[in-house]
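In what follows, a structure is listed as structure tokens, so that the remarks can point back to it.
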Amino acid sequence: MRHDRSPQFRRQTVLAVLAMLGIASTALAAEPDVSFVAAPDGVPLCVAETGNPHGPPLVFIHGYSQTYAVFTRQFNSELARDYRLLALDMRGHGCSGKPWSEAAYAGARPWADDIAAVLAAKAVKRPLLVGWSAGGYWIVDYIREYGTDGIAGIVLAGSHGGLMSAAIDPTLPEKSKAMRAAIQDYPATIAAALALGEQFVPRMSAAPLPEDITRIMYAATFMLPAYARRAMAMRSMDNADLGSRLQLPVLIIVGDQDRVVTAEQMRRLAGELPNARFSLYANAGHATFAEQPVRFNQELAEFAVRVAPGQQP
């Protein structure tokens with residue numbers, strides 16, 4: 001399902017999204033093409049696309065309470081010369097639909113279907129899926145429901161995707177329980193949400209992020225409704241059972257000052273997965289793609305070449 005019937009409509013859509021995110025259109029060097037795809041349950045999914053339409057596809061999945069717009073340093077980089085770049089707002093997030101029913105957020109299937117619907121509607125073949133934070137979990141949801149045959153590889157940035165076993169982190173069950181409780185208690189009042197939002201963005205990086213990225217993150221975190229947050233907190237995020245069966249190439253990227261996952265945990269996870277590479281970013285936090293975009297983009301391009309058909313991963 002597409003609603004972008006004309007270039008003028010697409011431009012107006014982009015400007016509207018930018019206005020919601022609190023940034024001027026000049027903040028982006030090139031405006032992506034923004035359209036909407038229907039998930040199987042009818043939720044409209046916001047999809048941004050730019051780059052080389054004939055290049056290998058890279059599909060970016062944002063983190064919890066965030067949006068496709070955080071990937072501006074990837075969309076407006078040399079990656080756009082050689083690769084087809086797509087990013088979507090997952091259900092409940094950004095400019096995508098925000099269903100009221102708890103069932104719309106329950107389990108792996110809705111999240112897997114979101115990604116599958118976009119890949120099908122955009123005719124994306126063998127993409128490299130790039131997941132930041134919660135985006136890694138949603139990619140693993142896709143793998144659980146659809147398998148790995150249709151994708152070239154995955155990149156987990158600041159994310160273990162639920163693949164980490166209790167052997168790596170024995171406190172994982174307690175941490176997951178505490179996180180779910182915190183999400184369930186997320187306040188519905190504006191004043192309380194603003195106070196929590198002030199704490200969220202600084203935790204994403206080792207040093208202050210660029211102003212445009214900061215504003216995007218602040219705006220996006222308030223676009224995820226409290227009822228959607230609470231529904232999301234009900235599901236299990238444990239995917240450790242898939243780890244030993246995940247044969248496709250995986251690149252794990254983590255900052256040495258990440259406050260969400262630790263470098264040592266991610267290094268051990270890479271060692272447990274059958275076909276994983278590990279990359280540590282010094283002086284970086286949770287948002288490596290925005291903190292050190294030049295290195296991130298270069299590693300992404302190099303990994304995309306390795307997992308291309310006919311290449312040795």
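Chain labels A, B, ... are given in the sequence in which chains occur in the structure tokens; within each chain residues are numbered consecutively from 1, and ligands are likewise numbered from 1 in the order shown.
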
Legend entry - All residues 9 Å or closer to Asp241 of chain A, only C-alpha atoms, same chain fewer than 3 positions away omitted, as a list in words: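 Once the nearby chain positions are removed, what remains is Leu163, Ser165, Asp238, Ser244 and Arg245 of chain A.
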
May I have the residues from that selection written out with N, CA and C atoms, as a CSV table (one decimal), in the first residue's frame?
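Printed below is again.csv as written:
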chain,number,residue,atom,x,y,z
A,163,LEU,N,20.1,-12.8,21.9
A,163,LEU,CA,20.9,-14.0,21.6
A,163,LEU,C,21.9,-14.4,22.7
A,165,SER,N,23.3,-15.6,26.0
A,165,SER,CA,22.9,-16.7,27.0
A,165,SER,C,23.2,-16.2,28.4
A,238,ASP,N,13.9,-13.1,25.0
A,238,ASP,CA,14.9,-14.1,25.0
A,238,ASP,C,15.0,-14.9,23.7
A,244,SER,N,23.0,-20.7,18.5
A,244,SER,CA,23.8,-21.7,17.8
A,244,SER,C,23.4,-22.1,16.4
A,245,ARG,N,22.1,-21.7,16.1
A,245,ARG,CA,21.6,-22.0,14.7
A,245,ARG,C,21.7,-20.9,13.7

Inset, instruction - Please identify all polymer residues within 9 Å of Ala206 of chain A, counting only C-alpha atoms, omitting same-chain residues fewer than 6 positions from it, and present them as a list in words. - result: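 With the cut-off at 9 Å, the set is Gly255, Asp256, Gln257, Asp258, Arg259, Asn283, Ala284, Gly285, His286, Ala287 and Glu291 of chain A.
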
Can those selected residues be exported to a file as a PDB file, in the first residue's frame so that it contains N, CA and C atoms?
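The result, written out as part-v2.pdb:
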ATOM      1  N   GLY A 255      30.350   0.130  21.492  1.00  0.00           N
ATOM      2  CA  GLY A 255      31.246   1.145  22.032  1.00  0.00           C
ATOM      3  C   GLY A 255      31.780   0.719  23.382  1.00  0.00           C
ATOM      4  N   ASP A 256      33.016   1.095  23.684  1.00  0.00           N
ATOM      5  CA  ASP A 256      33.607   0.673  24.952  1.00  0.00           C
ATOM      6  C   ASP A 256      32.979   1.371  26.153  1.00  0.00           C
ATOM      7  N   GLN A 257      32.136   2.393  25.908  1.00  0.00           N
ATOM      8  CA  GLN A 257      31.444   3.088  26.988  1.00  0.00           C
ATOM      9  C   GLN A 257      29.922   2.933  26.884  1.00  0.00           C
ATOM     10  N   ASP A 258      29.497   1.881  26.217  1.00  0.00           N
ATOM     11  CA  ASP A 258      28.061   1.607  26.084  1.00  0.00           C
ATOM     12  C   ASP A 258      27.482   1.332  27.474  1.00  0.00           C
ATOM     13  N   ARG A 259      26.379   1.997  27.806  1.00  0.00           N
ATOM     14  CA  ARG A 259      25.743   1.818  29.111  1.00  0.00           C
ATOM     15  C   ARG A 259      24.631   0.782  29.082  1.00  0.00           C
ATOM     16  N   ASN A 283      36.016   5.106  22.946  1.00  0.00           N
ATOM     17  CA  ASN A 283      35.440   6.424  23.234  1.00  0.00           C
ATOM     18  C   ASN A 283      34.061   6.603  22.600  1.00  0.00           C
ATOM     19  N   ALA A 284      33.300   5.519  22.546  1.00  0.00           N
ATOM     20  CA  ALA A 284      31.946   5.566  21.994  1.00  0.00           C
ATOM     21  C   ALA A 284      30.988   4.898  22.961  1.00  0.00           C
ATOM     22  N   GLY A 285      29.732   5.321  22.892  1.00  0.00           N
ATOM     23  CA  GLY A 285      28.695   4.753  23.739  1.00  0.00           C
ATOM     24  C   GLY A 285      27.761   3.845  22.964  1.00  0.00           C
ATOM     25  N   HIS A 286      26.461   4.051  23.159  1.00  0.00           N
ATOM     26  CA  HIS A 286      25.456   3.151  22.608  1.00  0.00           C
ATOM     27  C   HIS A 286      25.146   3.436  21.137  1.00  0.00           C
ATOM     28  N   ALA A 287      25.346   4.683  20.702  1.00  0.00           N
ATOM     29  CA  ALA A 287      24.948   5.092  19.342  1.00  0.00           C
ATOM     30  C   ALA A 287      26.170   5.251  18.450  1.00  0.00           C
ATOM     31  N   GLU A 291      27.926   8.500  16.636  1.00  0.00           N
ATOM     32  CA  GLU A 291      29.115   9.022  17.310  1.00  0.00           C
ATOM     33  C   GLU A 291      30.343   8.957  16.409  1.00  0.00           C
TER      34      GLU A 291
END

Legend entry - Selection: 10 Å around Ile253 of chain A, only C-alpha atoms, excl. self and same-chain fewer than 4 positions, as number ranges by chain: A: 132, 155-160, 263, 266-267, 270, 277-281, 286-289, 296, 299

Take the residues just selected and output them with C-alpha atoms as an mmCIF file, in the first residue's frame.
data_model
loop_
_atom_site.group_PDB
_atom_site.id
_atom_site.type_symbol
_atom_site.label_atom_id
_atom_site.label_comp_id
_atom_site.auth_asym_id
_atom_site.auth_seq_id
_atom_site.Cartn_x
_atom_site.Cartn_y
_atom_site.Cartn_z
ATOM 1 C CA TRP A 132 20.590 -0.626 16.506
ATOM 2 C CA VAL A 155 24.702 -6.064 11.862
ATOM 3 C CA LEU A 156 24.002 -5.666 15.577
ATOM 4 C CA ALA A 157 25.019 -2.206 16.813
ATOM 5 C CA GLY A 158 24.821 -1.889 20.584
ATOM 6 C CA SER A 159 22.548 -4.939 20.628
ATOM 7 C CA HIS A 160 22.729 -8.622 21.432
ATOM 8 C CA ALA A 263 32.012 -4.810 25.320
ATOM 9 C CA MET A 266 29.393 -8.643 23.100
ATOM 10 C CA ARG A 267 32.848 -10.099 22.506
ATOM 11 C CA ALA A 270 30.530 -13.062 18.945
ATOM 12 C CA ARG A 277 32.771 -10.690 13.724
ATOM 13 C CA PHE A 278 33.337 -8.262 16.594
ATOM 14 C CA SER A 279 34.250 -4.589 16.371
ATOM 15 C CA LEU A 280 34.968 -2.384 19.399
ATOM 16 C CA TYR A 281 34.740 1.411 19.177
ATOM 17 C CA HIS A 286 25.456 3.151 22.608
ATOM 18 C CA ALA A 287 24.948 5.092 19.342
ATOM 19 C CA THR A 288 28.156 4.239 17.456
ATOM 20 C CA PHE A 289 26.522 4.965 14.078
ATOM 21 C CA PHE A 296 30.749 2.859 11.101
ATOM 22 C CA GLU A 299 32.871 -1.057 8.262
#

Inset, instruction - Using only C-alpha atoms, pick whichever of A:Gln199, A:Asp82, A:Ile168, A:Thr148 has the shortest atom-to-atom distance to Leu246 of chain A. - result: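 Selected residue with least distance to Leu246 of chain A: A:Thr148.
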
Legend entry - Selection: 8 Å around Ala228 of chain A, only C-alpha atoms, excl. self and same-chain fewer than 6 positions, as a PyMOL selection string: chain A and resi 92+98-100+102+105

Inset, instruction - Would you work out the distance separating atom CA of Thr50 of chain A from atom CA of Ile143 of chain A, expressed in Å to one decimal? - result: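 Distance between the two atoms: 24.9 Å.
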
Can you pull out every residue within 9 Å of segment 39-47 of chain A, counting only C-alpha atoms, but drop anything in the same chain fewer than 5 positions away, and send it as a compact mmCIF listing (two decimals) with C-alpha atoms, in the first residue's frame?
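Writing done, so here's part02.txt:
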# COMPACT_ATOMS: atom_id res chain seq x y z
CA MET A 1 0.00 0.00 0.00
CA ASP A 33 11.85 9.27 -0.40
CA VAL A 34 9.26 8.59 2.32
CA TYR A 68 14.48 6.04 10.90
CA LEU A 86 16.20 1.95 3.43
CA ALA A 87 15.00 2.50 6.98
CA LEU A 88 11.59 2.11 8.57
CA ASP A 89 9.78 3.24 11.67
CA MET A 90 8.58 0.13 13.46
CA ARG A 91 4.99 0.02 14.68
CA GLY A 94 8.01 7.70 14.72
CA CYS A 95 5.62 8.34 11.86
CA SER A 96 4.32 4.75 11.70
CA GLY A 97 0.93 3.70 13.01
CA LYS A 98 0.37 3.26 16.73
CA PRO A 99 -2.22 0.55 17.27
CA ALA A 104 -0.49 -5.65 18.01
CA PRO A 110 4.04 -8.45 14.55
CA ASP A 113 5.78 -9.04 9.84
CA ASP A 114 6.63 -5.32 9.80
CA ILE A 115 10.08 -6.02 8.37
CA ALA A 116 8.79 -8.68 5.98
CA ALA A 117 6.05 -6.38 4.68
CA VAL A 118 8.55 -3.63 3.89

Among segment 241-293 of chain A, which residues carry a DSSP assignment of strand (DSSP E or B), reported as a PDB file with N, CA and C atoms, in the first residue's frame?
ATOM      1  N   VAL A 250      27.347 -12.325  10.810  1.00  0.00           N
ATOM      2  CA  VAL A 250      26.900 -11.325  11.787  1.00  0.00           C
ATOM      3  C   VAL A 250      28.080 -10.424  12.117  1.00  0.00           C
ATOM      4  N   LEU A 251      27.841  -9.128  12.110  1.00  0.00           N
ATOM      5  CA  LEU A 251      28.827  -8.159  12.577  1.00  0.00           C
ATOM      6  C   LEU A 251      28.282  -7.511  13.838  1.00  0.00           C
ATOM      7  N   ILE A 252      29.029  -7.605  14.926  1.00  0.00           N
ATOM      8  CA  ILE A 252      28.636  -7.014  16.205  1.00  0.00           C
ATOM      9  C   ILE A 252      29.507  -5.798  16.464  1.00  0.00           C
ATOM     10  N   ILE A 253      28.861  -4.654  16.628  1.00  0.00           N
ATOM     11  CA  ILE A 253      29.556  -3.392  16.876  1.00  0.00           C
ATOM     12  C   ILE A 253      29.132  -2.861  18.246  1.00  0.00           C
ATOM     13  N   VAL A 254      30.102  -2.461  19.049  1.00  0.00           N
ATOM     14  CA  VAL A 254      29.774  -1.938  20.375  1.00  0.00           C
ATOM     15  C   VAL A 254      30.802  -0.881  20.776  1.00  0.00           C
ATOM     16  N   GLY A 255      30.350   0.130  21.492  1.00  0.00           N
ATOM     17  CA  GLY A 255      31.246   1.145  22.032  1.00  0.00           C
ATOM     18  C   GLY A 255      31.780   0.719  23.382  1.00  0.00           C
ATOM     19  N   ALA A 276      30.396 -14.932  13.322  1.00  0.00           N
ATOM     20  CA  ALA A 276      30.279 -13.543  13.774  1.00  0.00           C
ATOM     21  C   ALA A 276      31.637 -12.853  13.830  1.00  0.00           C
ATOM     22  N   ARG A 277      31.611 -11.566  13.567  1.00  0.00           N
ATOM     23  CA  ARG A 277      32.771 -10.690  13.724  1.00  0.00           C
ATOM     24  C   ARG A 277      32.456  -9.670  14.807  1.00  0.00           C
ATOM     25  N   PHE A 278      33.497  -9.205  15.483  1.00  0.00           N
ATOM     26  CA  PHE A 278      33.337  -8.262  16.594  1.00  0.00           C
ATOM     27  C   PHE A 278      34.153  -7.007  16.331  1.00  0.00           C
ATOM     28  N   SER A 279      33.546  -5.853  16.574  1.00  0.00           N
ATOM     29  CA  SER A 279      34.250  -4.589  16.371  1.00  0.00           C
ATOM     30  C   SER A 279      33.989  -3.668  17.558  1.00  0.00           C
ATOM     31  N   LEU A 280      35.060  -3.233  18.214  1.00  0.00           N
ATOM     32  CA  LEU A 280      34.968  -2.384  19.399  1.00  0.00           C
ATOM     33  C   LEU A 280      35.344  -0.950  19.046  1.00  0.00           C
ATOM     34  N   TYR A 281      34.510  -0.005  19.440  1.00  0.00           N
ATOM     35  CA  TYR A 281      34.740   1.411  19.177  1.00  0.00           C
ATOM     36  C   TYR A 281      35.202   2.090  20.462  1.00  0.00           C
TER      37      TYR A 281
END

Inset, instruction - as a PyMOL selection string, please: all residues of segment 52-173 of chain A that backbone DSSP puts in helix (DSSP H, G or I). - result: chain A and resi 68-75+79-82+102-105+109-121+134-146+172-173

Inset, instruction - Between A:Val294, A:Ala123, A:Leu248, A:Ala207, single out the one closest to Gln74 of chain A, counting only C-alpha atoms. - result: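 Answer, going by the shortest atom-to-atom distance: A:Val294.
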